[in-house]
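Q: Take this structure, written in structure tokens, and hold onto it; I'll ask about it next.
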Amino acid sequence: MSTMTTIARPYAKAAFDFAVEKGELDLWVQMLTFCSEVSKNEDVAQLLDGAIASDKLSEIFISICGEQLNEFGQNLIHVMAENGRLKILPSVLEQFIFLKHELEKEIDAEVTSAIELTEQQKADISAKLEARLERKVKLNCSVDEALLAGVIIRAGDLVIDNSARGRLSRLSETLQS
């Protein structure tokens with residue numbers, strides 16, 4: 001687990017608990033997504049290096065975000081600025097979304113295939129993953145012609161490599177044993 005994740009977790013948890021209490025999960029995802037993108041901006045990233053006092057930095061950051069932040073989102077920015085943590089906003093967003101998916105019993109699955117999957121194939125993969133993971137699955141499909149054949153599925157910590165290359169690699173390992 002990275003240091004960024006460890007540092008981001010308390011901020012994400014606090015924002016998440018507050019959002020659940022207020023029934024504003026989607027609003028908080030929007031606010032954190034916007035703030036995360038602002039923090040990645042090259043000019044803003046230079047400001048986040050600590051050359052500016054935290055109160056001034058939070059004012060600048062909030063003015064850039066404008067009406068994208070409500071008063072509670074602004075409070076989060078003030079607290080994070082005081083602690084010199086605005087750089088970790090992308091990690092806070094990532095943790096927040098993870099907590100949201102846990103609450104909603106959802107998981108994103110990245111499916112990489114050698115060719116475009118049909119709707120039936122997507123439905124089959126989704127159904128099997130939902131049964132295995134006991135969660136609602138949202139598929140994000142992409143094509144990688146380098147796979148030659150098969151699919152690679154990543155859902156959380158689970159990785160299923162059913163590509164031709166993966167099969168050949170496992171066969172090679174078995175034959176060498």
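We name chains A, B, ... following the order of the structure tokens; residues begin at 1 in each chain, and ligands are numbered from 1 as shown.
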Give me every strand (DSSP E or B) residue in segment 47-141 of chain A, going by DSSP on the backbone, as number ranges by chain.
A: A: 106-113, 136-141
Q: Once DSSP has gone over the backbone, tell me which residues of segment 3-176 of chain A are in helix (DSSP H, G or I), as a VMD selection string.
A: chain A and resid 3 to 22 25 to 40 42 to 47 54 to 68 71 to 82 86 to 104 119 to 133 145 to 147 164 to 176
Q: List the neighbours of Asp49 of chain A out to 12 Å using only C-alpha atoms; skip same-chain residues closer than 5 positions along the sequence, and give me the result as a list in words.
A: Ser39, Glu42, Asp43, Val44, Ser54, Leu57, Ala81, Gly84, Arg85, Leu86, Lys87 and Ile88 of chain A
Q: Determine, counting only C-alpha atoms, which protein, DNA and RNA residues have an atom within 9 Å of an atom of segment 128-133 of chain A; residues of the same chain fewer than 4 positions away are not included. Present the result as a list in words.
A: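 So, after excluding close chain neighbours, the residues are Ile107, Ala109, Ala123, Asp124, Val137 and Ala155 of chain A.
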Q: Compare A:Ser177, A:Val29, A:Leu89, A:Asn83 by their minimum atom-to-atom distance to Asn41 of chain A, counting only C-alpha atoms, and give me the closest one.
A: A:Leu89
Q: Given the choices A:Leu69, A:Ile62, A:Ala114, A:Ala53, which gets closest to Met31 of chain A if the distance is worked out from only C-alpha atoms?
A: A:Leu69
Q: Looking at A:Lys136, A:Arg170, A:Arg165, A:Lys122, which one is nearest to His101 of chain A, with distances taken over only C-alpha atoms?
A: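 Counting only C-alpha atoms, the residue closest to His101 of chain A is A:Lys136.
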Q: One decimal, Å: what's the distance from atom CA of Ile125 of chain A over to atom CA of Gly150 of chain A, could you say?
A: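 Between these atoms lies a distance of 12.3 Å.
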Q: Might you pull out every residue within 7 Å of Asp161 of chain A, with only C-alpha atoms counted and same-chain residues fewer than 5 positions away left off, and present them as a PyMOL selection string?
A: chain A and resi 151-153+166
Q: Keeping only C-alpha atoms, take the residues you just selected and write them out as a short mmCIF file (atom, residue, chain, number, x, y, z; two decimals), in the first residue's frame.
A:
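See out.cif below for the written result:
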data_model
loop_
_atom_site.label_atom_id
_atom_site.label_comp_id
_atom_site.auth_asym_id
_atom_site.auth_seq_id
_atom_site.Cartn_x
_atom_site.Cartn_y
_atom_site.Cartn_z
CA VAL A 151 -9.13 -11.80 -22.25
CA ILE A 152 -7.53 -10.37 -19.13
CA ILE A 153 -9.92 -9.31 -16.37
CA GLY A 166 -1.05 -16.09 -20.22
#
Q: Per residue of segment 55-157 of chain A within 7 Å of segment 5-11 of chain A, what are the shortest atom pair and its distance in Å to one decimal, counting only C-alpha atoms, with rows by chain and residue number, as a tab-separated table?
A:
residue	atom	partner	partner_atom	distance
A:Ile88	CA	A:Ala8	CA	6.3
A:Ser91	CA	A:Ala8	CA	5.8
A:Val92	CA	A:Ala8	CA	4.9
A:Gln95	CA	A:Arg9	CA	6.3
Q: As an exercise, work out the distance from atom CA of Lys100 of chain A to atom CA of Ala45 of chain A in Å and give it to one decimal place.
A: 27.0 Å
